[in-house]
Amino acid sequence: MNNIAILHVENTDNLIDFATFLVNNGWTLVSANKTEELLKKQKLPVIHEPALSENNIQITDSSTLIRQILLSRLPDSDDYLRQNESTHTNIQIICMNIKPLLKVPTSSNIQKQQEAIPPANYYISTVLRNSFINYRNLLILTDPDDYKEAMIQLRTDNVRDDFRLYLAAKCLNLISAYDSGISDSLLYNSIEKKDFLNYLMFPYKKENIIKSGINETQKACIYRFPLDSDEANLFSKLHLRDFDFNTISDISLGWELISSLYETLRNQLSVKSTNSDGYDFTTQFTPLTGTVFTAAIKLRCIVGSSLSSNVLDSFKKTYTYDRENITNVTLACSAVIDEAAAGEIVKCDFLAIVAPGFTDEAKVILAENKNIRLIPIEKITRHHFDIQLINGGLLAQSCDTTLFEHWYVKTRNRPSQNKTDQMAFGMLLASKARSHCAVLLNNNSIVGIAQGASSPNMALELVLYEAKRHKTRNDPDSPDKVADVLICDTAFTFCEIVKDIIENGVSAIIQTGPANNDEEFIQYCNDNDVVLIYTGTTHISF
């Protein structure tokens, strides 16, 4: 009696080669639906199995198939002949897979939500569950990458027990991912939705083994969030095998920065504010239409950033920050890279350029630098949690998406429109930088940034040092002013370093507040015509 292989897959990679091998070695193929059609198209003999049909409502068909799977035995087992006599079949291979997905319902109507997520192929997971029970007698293939090794072991008639166990474990892994995709899809917009699920089981899919981890001795892999639409996935169509952990991480942060800027300021065009005398008003921000935002990233640190009216100018203001000391940088840009910008970018030491696109002329120019990778990305997957692994578990928190909820103007004067916009831009940068962080901006460009300091006041000392070094290197003959605006991601107290920053030209400060010596701080700002804003919103990040 011929051995039987059930083939029913959504991922058809390597399938035809495997099916051809089986047919050539005397196996009988059993299938249904699209897999059956594909096999027939390749002129491979296949038997239709009703129990595998999507529209199958005959419980007896499914029960019969599952019973056959549970009773299948290896040819050298004691009850092999008895089993054959009773069932007249001998299923030896289960080659089945399904694609776990997270489907986000667009309707608030619960009935429409449920209709939008029909588990039409749920029966496949049922077959796989029952196959696992009898894994000692079956070869359960759920990953196309395992077909080659399976063919080798079948050809030598020596299928190892540990290989069967390994495949069975991968079967359960796929089933759990599939189930979590369905449950998370249904819970995503449920009227009973809670901030945190009982079990955090999003079905991330292994995309690629990559070049290395943070250090060359570390191994690394990228997992993709399996949204229903691949267009929303950051790296769904990119070949990342030659990238290392650091570069991929920097690419992700760069585009997250750009997306956050436009998403945050588009949704928050104004903020409720209160004057020092208690008068309430609304602070308006300038729309970002026509503005180009660039950011330079190195080891998840922002090493330069600028807003300007065109790509070339934005790039120049971004990259003048510290080009002598920082190499192998990722550059992210909010606009299509054109010929003029490419002519300057190609001269610099970049690993990757992230942008919505590149003109044909720009591609030709950038191709001259073989080290630069072009990453065209238009959308980003929004994360709902920040997660940090800890010993024995993980910490999860909602993402920091609120730039500020209120502005408290502590001084007599309000900021000008230019400084208002720079404060919003700078706070966005600070919210994505490692804490404690301080940012100095001049004309919408970073002239100093301190990240990962041990305290807010230490960040102030470092940022002033960086700004003075930047000025000496790039504009030594200009007046003593080093910056327009100071931004900090948390509260800091009034001290001598703050006086030094103000004496070096800063005329607007925004921080969380309050400070221990508020009255002295406010009075000093008033005396020196400096605007001081408290937000009450910290942006601590690690």
# chains A, B, ... in the order shown; residues from 1 in each chain; ligands from 1
$ select_by_dssp --residues "region 374-445 of chain A" --states "strand (DSSP E)" --output "number ranges by chain"
A: 374-376, 385-390, 393-398, 406-409, 438-442, 445
$ residues_around --residues "region 348-364 of chain A" --least-positions-apart "5" --cutoff "6 Å" --atoms "only C-alpha atoms" --output "CSV table (one decimal) with N, CA, C and O atoms, in the first residue's frame"
chain,number,residue,atom,x,y,z
A,327,THR,N,30.7,58.4,12.4
A,327,THR,CA,30.7,57.7,11.1
A,327,THR,C,29.6,56.6,11.1
A,327,THR,O,29.0,56.3,12.1
A,328,ASN,N,29.4,56.0,9.9
A,328,ASN,CA,28.5,54.9,9.8
A,328,ASN,C,27.1,55.3,10.3
A,328,ASN,O,26.5,54.6,11.1
A,329,VAL,N,26.6,56.4,9.8
A,329,VAL,CA,25.3,56.9,10.3
A,329,VAL,C,24.2,56.5,9.3
A,329,VAL,O,24.4,56.3,8.2
A,330,THR,N,23.0,56.5,9.9
A,330,THR,CA,21.8,56.3,9.1
A,330,THR,C,21.1,57.7,9.0
A,330,THR,O,20.9,58.4,10.0
A,331,LEU,N,20.7,58.1,7.8
A,331,LEU,CA,20.0,59.3,7.5
A,331,LEU,C,18.6,59.1,7.2
A,331,LEU,O,18.3,58.2,6.3
A,332,ALA,N,17.7,59.7,7.8
A,332,ALA,CA,16.2,59.6,7.5
A,332,ALA,C,15.7,61.0,7.0
A,332,ALA,O,16.1,62.0,7.6
A,333,CYS,N,14.9,60.9,6.0
A,333,CYS,CA,14.4,62.2,5.4
A,333,CYS,C,12.9,62.0,5.1
A,333,CYS,O,12.5,61.0,4.7
A,334,SER,N,12.2,63.1,5.3
A,334,SER,CA,10.7,63.0,5.2
A,334,SER,C,10.3,63.2,3.7
A,334,SER,O,9.1,63.0,3.4
A,336,VAL,N,11.3,63.0,-0.7
A,336,VAL,CA,12.0,62.2,-1.8
A,336,VAL,C,13.4,62.8,-2.0
A,336,VAL,O,13.5,64.0,-2.1
A,337,ILE,N,14.5,62.0,-1.9
A,337,ILE,CA,15.8,62.5,-2.1
A,337,ILE,C,16.0,62.8,-3.6
A,337,ILE,O,15.8,62.0,-4.5
A,338,ASP,N,16.4,64.1,-3.9
A,338,ASP,CA,16.6,64.6,-5.2
A,338,ASP,C,18.0,64.6,-5.6
A,338,ASP,O,18.9,64.3,-4.8
A,339,GLU,N,18.3,65.1,-6.8
A,339,GLU,CA,19.7,65.1,-7.4
A,339,GLU,C,20.6,66.0,-6.6
A,339,GLU,O,21.7,65.6,-6.3
A,342,ALA,N,21.4,64.4,-3.3
A,342,ALA,CA,22.2,63.2,-3.5
A,342,ALA,C,23.7,63.5,-3.7
A,342,ALA,O,24.6,62.8,-3.3
A,371,ASN,N,28.8,51.7,-0.2
A,371,ASN,CA,28.4,51.4,1.2
A,371,ASN,C,27.0,51.8,1.6
A,371,ASN,O,26.5,51.4,2.6
A,372,ILE,N,26.4,52.7,0.8
A,372,ILE,CA,25.1,53.3,1.1
A,372,ILE,C,24.0,52.4,0.7
A,372,ILE,O,23.9,52.0,-0.5
A,373,ARG,N,23.1,52.0,1.6
A,373,ARG,CA,21.9,51.3,1.2
A,373,ARG,C,20.7,52.2,1.2
A,373,ARG,O,20.5,53.1,2.1
A,374,LEU,N,19.9,52.1,0.1
A,374,LEU,CA,18.8,53.0,0.0
A,374,LEU,C,17.5,52.2,0.5
A,374,LEU,O,17.2,51.1,0.0
A,375,ILE,N,16.8,52.8,1.4
A,375,ILE,CA,15.7,52.2,2.0
A,375,ILE,C,14.4,53.0,1.7
A,375,ILE,O,14.1,54.0,2.4
A,376,PRO,N,13.6,52.7,0.7
A,376,PRO,CA,12.4,53.4,0.4
A,376,PRO,C,11.3,52.9,1.3
A,376,PRO,O,10.9,51.8,1.2
A,377,ILE,N,10.8,53.7,2.2
A,377,ILE,CA,9.7,53.4,3.1
A,377,ILE,C,8.6,54.5,3.1
A,377,ILE,O,9.0,55.6,3.2
A,378,GLU,N,7.4,54.1,3.1
A,378,GLU,CA,6.3,55.1,3.1
A,378,GLU,C,5.5,55.0,4.3
A,378,GLU,O,4.9,56.0,4.7
$ residues_around --residues "region 524-539 of chain A" --least-positions-apart "6" --cutoff "10 Å" --atoms "only C-alpha atoms" --output "ChimeraX atom specification"
/A:273-276,400-416,419,423,427-428,430-437,485-491,494,499,502-503,505-515,518
$ write_last_selection --atoms "C-alpha atoms" --output "CSV table (one decimal), in the first residue's frame"
chain,number,residue,atom,x,y,z
A,273,SER,CA,-1.9,77.3,27.7
A,274,THR,CA,-1.9,79.5,30.7
A,275,ASN,CA,-0.1,82.8,31.2
A,276,SER,CA,1.8,83.7,34.4
A,400,ASP,CA,4.7,57.8,24.8
A,401,THR,CA,2.6,59.5,22.2
A,402,THR,CA,1.5,62.7,24.0
A,403,LEU,CA,4.0,65.5,23.3
A,404,PHE,CA,2.4,67.8,25.9
A,405,GLU,CA,-1.1,68.4,27.3
A,406,HIS,CA,-0.7,72.0,28.6
A,407,TRP,CA,1.8,74.9,28.4
A,408,TYR,CA,2.3,77.0,31.5
A,409,VAL,CA,4.0,80.3,30.6
A,410,LYS,CA,5.9,81.1,33.8
A,411,THR,CA,7.4,84.4,32.5
A,412,ARG,CA,5.9,87.7,31.5
A,413,ASN,CA,6.5,87.2,27.8
A,414,ARG,CA,5.2,84.4,25.6
A,415,PRO,CA,7.4,82.8,22.9
A,416,SER,CA,7.4,84.1,19.3
A,419,LYS,CA,10.4,79.7,19.0
A,423,MET,CA,9.9,74.1,21.1
A,427,MET,CA,10.5,68.2,22.4
A,428,LEU,CA,9.7,65.6,19.8
A,430,ALA,CA,13.9,64.9,23.2
A,431,SER,CA,11.1,62.4,23.6
A,432,LYS,CA,12.9,59.9,21.3
A,433,ALA,CA,16.4,60.5,22.8
A,434,ARG,CA,17.8,58.6,25.7
A,435,SER,CA,17.2,60.2,29.1
A,436,HIS,CA,18.3,62.4,30.6
A,437,CYS,CA,18.3,64.5,27.5
A,485,VAL,CA,15.9,77.3,22.3
A,486,LEU,CA,16.7,74.9,25.1
A,487,ILE,CA,14.6,71.7,25.5
A,488,CYS,CA,14.7,69.1,28.3
A,489,ASP,CA,12.8,65.9,28.6
A,490,THR,CA,12.3,66.3,32.3
A,491,ALA,CA,12.5,68.9,35.1
A,494,PHE,CA,18.0,76.6,38.2
A,499,LYS,CA,22.9,81.0,33.5
A,502,ILE,CA,21.2,81.9,28.7
A,503,GLU,CA,24.4,84.0,28.4
A,505,GLY,CA,22.1,83.3,23.5
A,506,VAL,CA,19.2,81.0,24.5
A,507,SER,CA,16.0,83.1,24.8
A,508,ALA,CA,13.4,80.3,25.3
A,509,ILE,CA,13.4,77.3,27.6
A,510,ILE,CA,10.9,74.5,27.7
A,511,GLN,CA,10.9,71.7,30.4
A,512,THR,CA,8.6,69.7,32.5
A,513,GLY,CA,8.9,71.8,35.7
A,514,PRO,CA,8.5,72.7,38.4
A,515,ALA,CA,11.9,73.4,39.8
A,518,ASP,CA,11.1,78.3,40.8
$ residues_around --residues "Val463 (chain A)" --least-positions-apart "4" --cutoff "12 Å" --atoms "only C-alpha atoms" --output "PDB file with N, CA and C atoms, in the first residue's frame"
ATOM      1  N   HIS A 436      18.791  60.992  30.715  1.00  0.00           N
ATOM      2  CA  HIS A 436      18.260  62.352  30.620  1.00  0.00           C
ATOM      3  C   HIS A 436      18.808  63.039  29.391  1.00  0.00           C
ATOM      4  N   CYS A 437      17.980  63.926  28.812  1.00  0.00           N
ATOM      5  CA  CYS A 437      18.323  64.508  27.532  1.00  0.00           C
ATOM      6  C   CYS A 437      18.126  66.016  27.563  1.00  0.00           C
ATOM      7  N   ALA A 438      18.980  66.737  26.835  1.00  0.00           N
ATOM      8  CA  ALA A 438      18.813  68.180  26.619  1.00  0.00           C
ATOM      9  C   ALA A 438      19.156  68.477  25.177  1.00  0.00           C
ATOM     10  N   VAL A 439      18.387  69.365  24.551  1.00  0.00           N
ATOM     11  CA  VAL A 439      18.572  69.710  23.148  1.00  0.00           C
ATOM     12  C   VAL A 439      18.671  71.223  23.017  1.00  0.00           C
ATOM     13  N   LEU A 440      19.649  71.673  22.241  1.00  0.00           N
ATOM     14  CA  LEU A 440      19.767  73.091  21.885  1.00  0.00           C
ATOM     15  C   LEU A 440      19.529  73.226  20.388  1.00  0.00           C
ATOM     16  N   LEU A 441      18.588  74.111  20.030  1.00  0.00           N
ATOM     17  CA  LEU A 441      18.250  74.351  18.637  1.00  0.00           C
ATOM     18  C   LEU A 441      18.594  75.779  18.236  1.00  0.00           C
ATOM     19  N   ILE A 446      19.594  71.135  15.206  1.00  0.00           N
ATOM     20  CA  ILE A 446      20.333  70.776  16.413  1.00  0.00           C
ATOM     21  C   ILE A 446      21.732  71.370  16.344  1.00  0.00           C
ATOM     22  N   VAL A 447      22.092  72.122  17.380  1.00  0.00           N
ATOM     23  CA  VAL A 447      23.476  72.583  17.519  1.00  0.00           C
ATOM     24  C   VAL A 447      24.131  71.937  18.732  1.00  0.00           C
ATOM     25  N   GLY A 448      23.348  71.201  19.494  1.00  0.00           N
ATOM     26  CA  GLY A 448      23.864  70.466  20.636  1.00  0.00           C
ATOM     27  C   GLY A 448      22.808  69.514  21.160  1.00  0.00           C
ATOM     28  N   ILE A 449      23.206  68.287  21.451  1.00  0.00           N
ATOM     29  CA  ILE A 449      22.279  67.333  22.046  1.00  0.00           C
ATOM     30  C   ILE A 449      23.052  66.441  23.001  1.00  0.00           C
ATOM     31  N   ALA A 450      22.524  66.286  24.203  1.00  0.00           N
ATOM     32  CA  ALA A 450      23.114  65.407  25.217  1.00  0.00           C
ATOM     33  C   ALA A 450      22.095  64.320  25.540  1.00  0.00           C
ATOM     34  N   GLN A 451      22.544  63.062  25.554  1.00  0.00           N
ATOM     35  CA  GLN A 451      21.636  61.937  25.767  1.00  0.00           C
ATOM     36  C   GLN A 451      22.235  60.956  26.760  1.00  0.00           C
ATOM     37  N   GLY A 452      21.385  60.346  27.549  1.00  0.00           N
ATOM     38  CA  GLY A 452      21.845  59.326  28.484  1.00  0.00           C
ATOM     39  C   GLY A 452      22.646  59.872  29.643  1.00  0.00           C
ATOM     40  N   ALA A 453      22.414  61.128  30.027  1.00  0.00           N
ATOM     41  CA  ALA A 453      23.137  61.721  31.156  1.00  0.00           C
ATOM     42  C   ALA A 453      22.589  61.184  32.475  1.00  0.00           C
ATOM     43  N   PRO A 456      19.402  65.540  34.868  1.00  0.00           N
ATOM     44  CA  PRO A 456      19.065  66.618  33.937  1.00  0.00           C
ATOM     45  C   PRO A 456      20.107  67.723  33.917  1.00  0.00           C
ATOM     46  N   ASN A 457      20.637  68.089  35.076  1.00  0.00           N
ATOM     47  CA  ASN A 457      21.625  69.165  35.100  1.00  0.00           C
ATOM     48  C   ASN A 457      22.948  68.744  34.460  1.00  0.00           C
ATOM     49  N   MET A 458      23.290  67.450  34.559  1.00  0.00           N
ATOM     50  CA  MET A 458      24.454  66.959  33.848  1.00  0.00           C
ATOM     51  C   MET A 458      24.231  67.042  32.341  1.00  0.00           C
ATOM     52  N   ALA A 459      22.997  66.757  31.890  1.00  0.00           N
ATOM     53  CA  ALA A 459      22.667  66.882  30.473  1.00  0.00           C
ATOM     54  C   ALA A 459      22.843  68.326  30.007  1.00  0.00           C
ATOM     55  N   ALA A 467      27.356  72.370  22.084  1.00  0.00           N
ATOM     56  CA  ALA A 467      26.965  73.516  21.263  1.00  0.00           C
ATOM     57  C   ALA A 467      28.142  74.457  21.022  1.00  0.00           C
ATOM     58  N   LYS A 468      28.954  74.679  22.035  1.00  0.00           N
ATOM     59  CA  LYS A 468      30.133  75.547  21.864  1.00  0.00           C
ATOM     60  C   LYS A 468      31.130  74.907  20.905  1.00  0.00           C
ATOM     61  N   ARG A 469      31.306  73.592  21.023  1.00  0.00           N
ATOM     62  CA  ARG A 469      32.213  72.899  20.121  1.00  0.00           C
ATOM     63  C   ARG A 469      31.700  72.967  18.680  1.00  0.00           C
ATOM     64  N   HIS A 470      30.398  72.828  18.520  1.00  0.00           N
ATOM     65  CA  HIS A 470      29.785  72.928  17.196  1.00  0.00           C
ATOM     66  C   HIS A 470      30.010  74.305  16.598  1.00  0.00           C
ATOM     67  N   VAL A 482      24.938  80.849  20.633  1.00  0.00           N
ATOM     68  CA  VAL A 482      25.088  79.459  20.172  1.00  0.00           C
ATOM     69  C   VAL A 482      23.756  78.802  19.853  1.00  0.00           C
ATOM     70  N   ALA A 483      22.659  79.297  20.426  1.00  0.00           N
ATOM     71  CA  ALA A 483      21.370  78.625  20.218  1.00  0.00           C
ATOM     72  C   ALA A 483      20.219  79.572  20.529  1.00  0.00           C
ATOM     73  N   VAL A 485      16.901  78.013  21.456  1.00  0.00           N
ATOM     74  CA  VAL A 485      15.939  77.344  22.337  1.00  0.00           C
ATOM     75  C   VAL A 485      16.614  76.176  23.048  1.00  0.00           C
ATOM     76  N   LEU A 486      16.258  75.999  24.335  1.00  0.00           N
ATOM     77  CA  LEU A 486      16.691  74.857  25.139  1.00  0.00           C
ATOM     78  C   LEU A 486      15.486  73.992  25.457  1.00  0.00           C
ATOM     79  N   ILE A 487      15.627  72.687  25.230  1.00  0.00           N
ATOM     80  CA  ILE A 487      14.550  71.734  25.517  1.00  0.00           C
ATOM     81  C   ILE A 487      15.102  70.632  26.401  1.00  0.00           C
ATOM     82  N   CYS A 488      14.342  70.237  27.417  1.00  0.00           N
ATOM     83  CA  CYS A 488      14.748  69.131  28.288  1.00  0.00           C
ATOM     84  C   CYS A 488      13.570  68.187  28.465  1.00  0.00           C
ATOM     85  N   ILE A 497      24.885  76.568  35.387  1.00  0.00           N
ATOM     86  CA  ILE A 497      24.944  76.137  33.991  1.00  0.00           C
ATOM     87  C   ILE A 497      23.782  76.717  33.197  1.00  0.00           C
ATOM     88  N   VAL A 498      22.623  76.885  33.841  1.00  0.00           N
ATOM     89  CA  VAL A 498      21.483  77.508  33.159  1.00  0.00           C
ATOM     90  C   VAL A 498      21.818  78.949  32.818  1.00  0.00           C
ATOM     91  N   ASP A 500      24.789  80.102  32.236  1.00  0.00           N
ATOM     92  CA  ASP A 500      25.742  80.052  31.134  1.00  0.00           C
ATOM     93  C   ASP A 500      25.028  79.838  29.796  1.00  0.00           C
ATOM     94  N   ILE A 501      24.029  78.978  29.794  1.00  0.00           N
ATOM     95  CA  ILE A 501      23.278  78.710  28.552  1.00  0.00           C
ATOM     96  C   ILE A 501      22.558  79.964  28.088  1.00  0.00           C
TER      97      ILE A 501
END
$ closest_residue --among "A:Gln153, A:Ser185, A:Ser125, A:Asn246" --to "Asn215 (chain A)" --atoms "only C-alpha atoms"
A:Asn246
$ atom_distance --atom1 "CA of Asn121 (chain A)" --atom2 "CA of Lys170 (chain A)"
18.6 Å
$ atom_distance --atom1 "CA of Lys40 (chain A)" --atom2 "CA of Trp27 (chain A)"
15.4 Å
$ residues_around --residues "region 138-149 of chain A" --least-positions-apart "6" --cutoff "8 Å" --atoms "only C-alpha atoms" --output "PDB file with N, CA and C atoms, in the first residue's frame"
ATOM      1  N   ASN A  11       1.488  28.914   2.438  1.00  0.00           N
ATOM      2  CA  ASN A  11       2.824  29.289   1.990  1.00  0.00           C
ATOM      3  C   ASN A  11       3.318  28.195   1.035  1.00  0.00           C
ATOM      4  N   THR A  12       3.364  28.513  -0.251  1.00  0.00           N
ATOM      5  CA  THR A  12       3.677  27.510  -1.263  1.00  0.00           C
ATOM      6  C   THR A  12       5.172  27.427  -1.599  1.00  0.00           C
ATOM      7  N   ASP A  13       6.026  28.121  -0.848  1.00  0.00           N
ATOM      8  CA  ASP A  13       7.462  28.063  -1.111  1.00  0.00           C
ATOM      9  C   ASP A  13       7.947  26.610  -1.081  1.00  0.00           C
ATOM     10  N   ASN A  14       8.740  26.222  -2.062  1.00  0.00           N
ATOM     11  CA  ASN A  14       9.395  24.902  -2.135  1.00  0.00           C
ATOM     12  C   ASN A  14       8.408  23.743  -2.276  1.00  0.00           C
ATOM     13  N   LEU A  15       7.125  24.039  -2.431  1.00  0.00           N
ATOM     14  CA  LEU A  15       6.133  22.967  -2.411  1.00  0.00           C
ATOM     15  C   LEU A  15       6.252  22.049  -3.627  1.00  0.00           C
ATOM     16  N   PHE A  18       9.044  19.574  -3.469  1.00  0.00           N
ATOM     17  CA  PHE A  18       8.783  18.521  -2.477  1.00  0.00           C
ATOM     18  C   PHE A  18       7.729  17.547  -2.989  1.00  0.00           C
ATOM     19  N   SER A  72      -2.624   6.316  12.205  1.00  0.00           N
ATOM     20  CA  SER A  72      -1.491   6.010  11.332  1.00  0.00           C
ATOM     21  C   SER A  72      -0.300   5.529  12.149  1.00  0.00           C
ATOM     22  N   ARG A  73       0.416   4.553  11.597  1.00  0.00           N
ATOM     23  CA  ARG A  73       1.570   3.981  12.283  1.00  0.00           C
ATOM     24  C   ARG A  73       2.735   3.831  11.295  1.00  0.00           C
ATOM     25  N   LEU A  74       3.930   3.824  11.832  1.00  0.00           N
ATOM     26  CA  LEU A  74       5.099   3.579  10.998  1.00  0.00           C
ATOM     27  C   LEU A  74       5.069   2.159  10.458  1.00  0.00           C
ATOM     28  N   ILE A  91      -1.436   7.277   6.337  1.00  0.00           N
ATOM     29  CA  ILE A  91      -0.957   8.652   6.234  1.00  0.00           C
ATOM     30  C   ILE A  91       0.370   8.765   6.986  1.00  0.00           C
ATOM     31  N   GLN A  92       1.392   9.199   6.285  1.00  0.00           N
ATOM     32  CA  GLN A  92       2.717   9.307   6.894  1.00  0.00           C
ATOM     33  C   GLN A  92       3.254  10.742   6.943  1.00  0.00           C
ATOM     34  N   ILE A  93       2.755  11.613   6.073  1.00  0.00           N
ATOM     35  CA  ILE A  93       3.231  13.004   6.025  1.00  0.00           C
ATOM     36  C   ILE A  93       2.045  13.956   6.096  1.00  0.00           C
ATOM     37  N   ILE A  94       2.146  14.928   6.994  1.00  0.00           N
ATOM     38  CA  ILE A  94       1.191  16.033   7.072  1.00  0.00           C
ATOM     39  C   ILE A  94       1.961  17.294   6.698  1.00  0.00           C
ATOM     40  N   CYS A  95       1.763  17.780   5.494  1.00  0.00           N
ATOM     41  CA  CYS A  95       2.435  19.001   5.033  1.00  0.00           C
ATOM     42  C   CYS A  95       1.373  20.096   4.932  1.00  0.00           C
ATOM     43  N   MET A  96       1.241  20.853   6.003  1.00  0.00           N
ATOM     44  CA  MET A  96       0.191  21.869   6.093  1.00  0.00           C
ATOM     45  C   MET A  96       0.747  23.106   6.786  1.00  0.00           C
ATOM     46  N   ASN A  97       0.299  24.259   6.342  1.00  0.00           N
ATOM     47  CA  ASN A  97       0.637  25.492   7.057  1.00  0.00           C
ATOM     48  C   ASN A  97      -0.424  26.556   6.836  1.00  0.00           C
ATOM     49  N   SER A 131      -2.621  15.965  14.591  1.00  0.00           N
ATOM     50  CA  SER A 131      -1.398  15.363  14.051  1.00  0.00           C
ATOM     51  C   SER A 131      -0.307  15.346  15.116  1.00  0.00           C
ATOM     52  N   PHE A 132      -0.248  16.397  15.909  1.00  0.00           N
ATOM     53  CA  PHE A 132       0.769  16.459  16.953  1.00  0.00           C
ATOM     54  C   PHE A 132       0.631  15.295  17.936  1.00  0.00           C
ATOM     55  N   ARG A 164      11.466  14.278  13.988  1.00  0.00           N
ATOM     56  CA  ARG A 164      10.002  14.273  14.127  1.00  0.00           C
ATOM     57  C   ARG A 164       9.568  15.161  15.299  1.00  0.00           C
ATOM     58  N   LEU A 167       9.939  18.863  14.374  1.00  0.00           N
ATOM     59  CA  LEU A 167       8.863  19.316  13.496  1.00  0.00           C
ATOM     60  C   LEU A 167       7.541  19.447  14.253  1.00  0.00           C
ATOM     61  N   ALA A 168       7.304  18.551  15.198  1.00  0.00           N
ATOM     62  CA  ALA A 168       6.077  18.619  15.998  1.00  0.00           C
ATOM     63  C   ALA A 168       6.051  19.883  16.851  1.00  0.00           C
ATOM     64  N   LYS A 170       7.530  22.703  16.103  1.00  0.00           N
ATOM     65  CA  LYS A 170       7.270  23.823  15.204  1.00  0.00           C
ATOM     66  C   LYS A 170       5.794  23.879  14.821  1.00  0.00           C
ATOM     67  N   CYS A 171       5.167  22.731  14.757  1.00  0.00           N
ATOM     68  CA  CYS A 171       3.728  22.669  14.497  1.00  0.00           C
ATOM     69  C   CYS A 171       2.949  23.395  15.592  1.00  0.00           C
ATOM     70  N   LEU A 174       3.386  27.152  15.370  1.00  0.00           N
ATOM     71  CA  LEU A 174       2.543  27.775  14.351  1.00  0.00           C
ATOM     72  C   LEU A 174       1.094  27.878  14.829  1.00  0.00           C
TER      73      LEU A 174
END
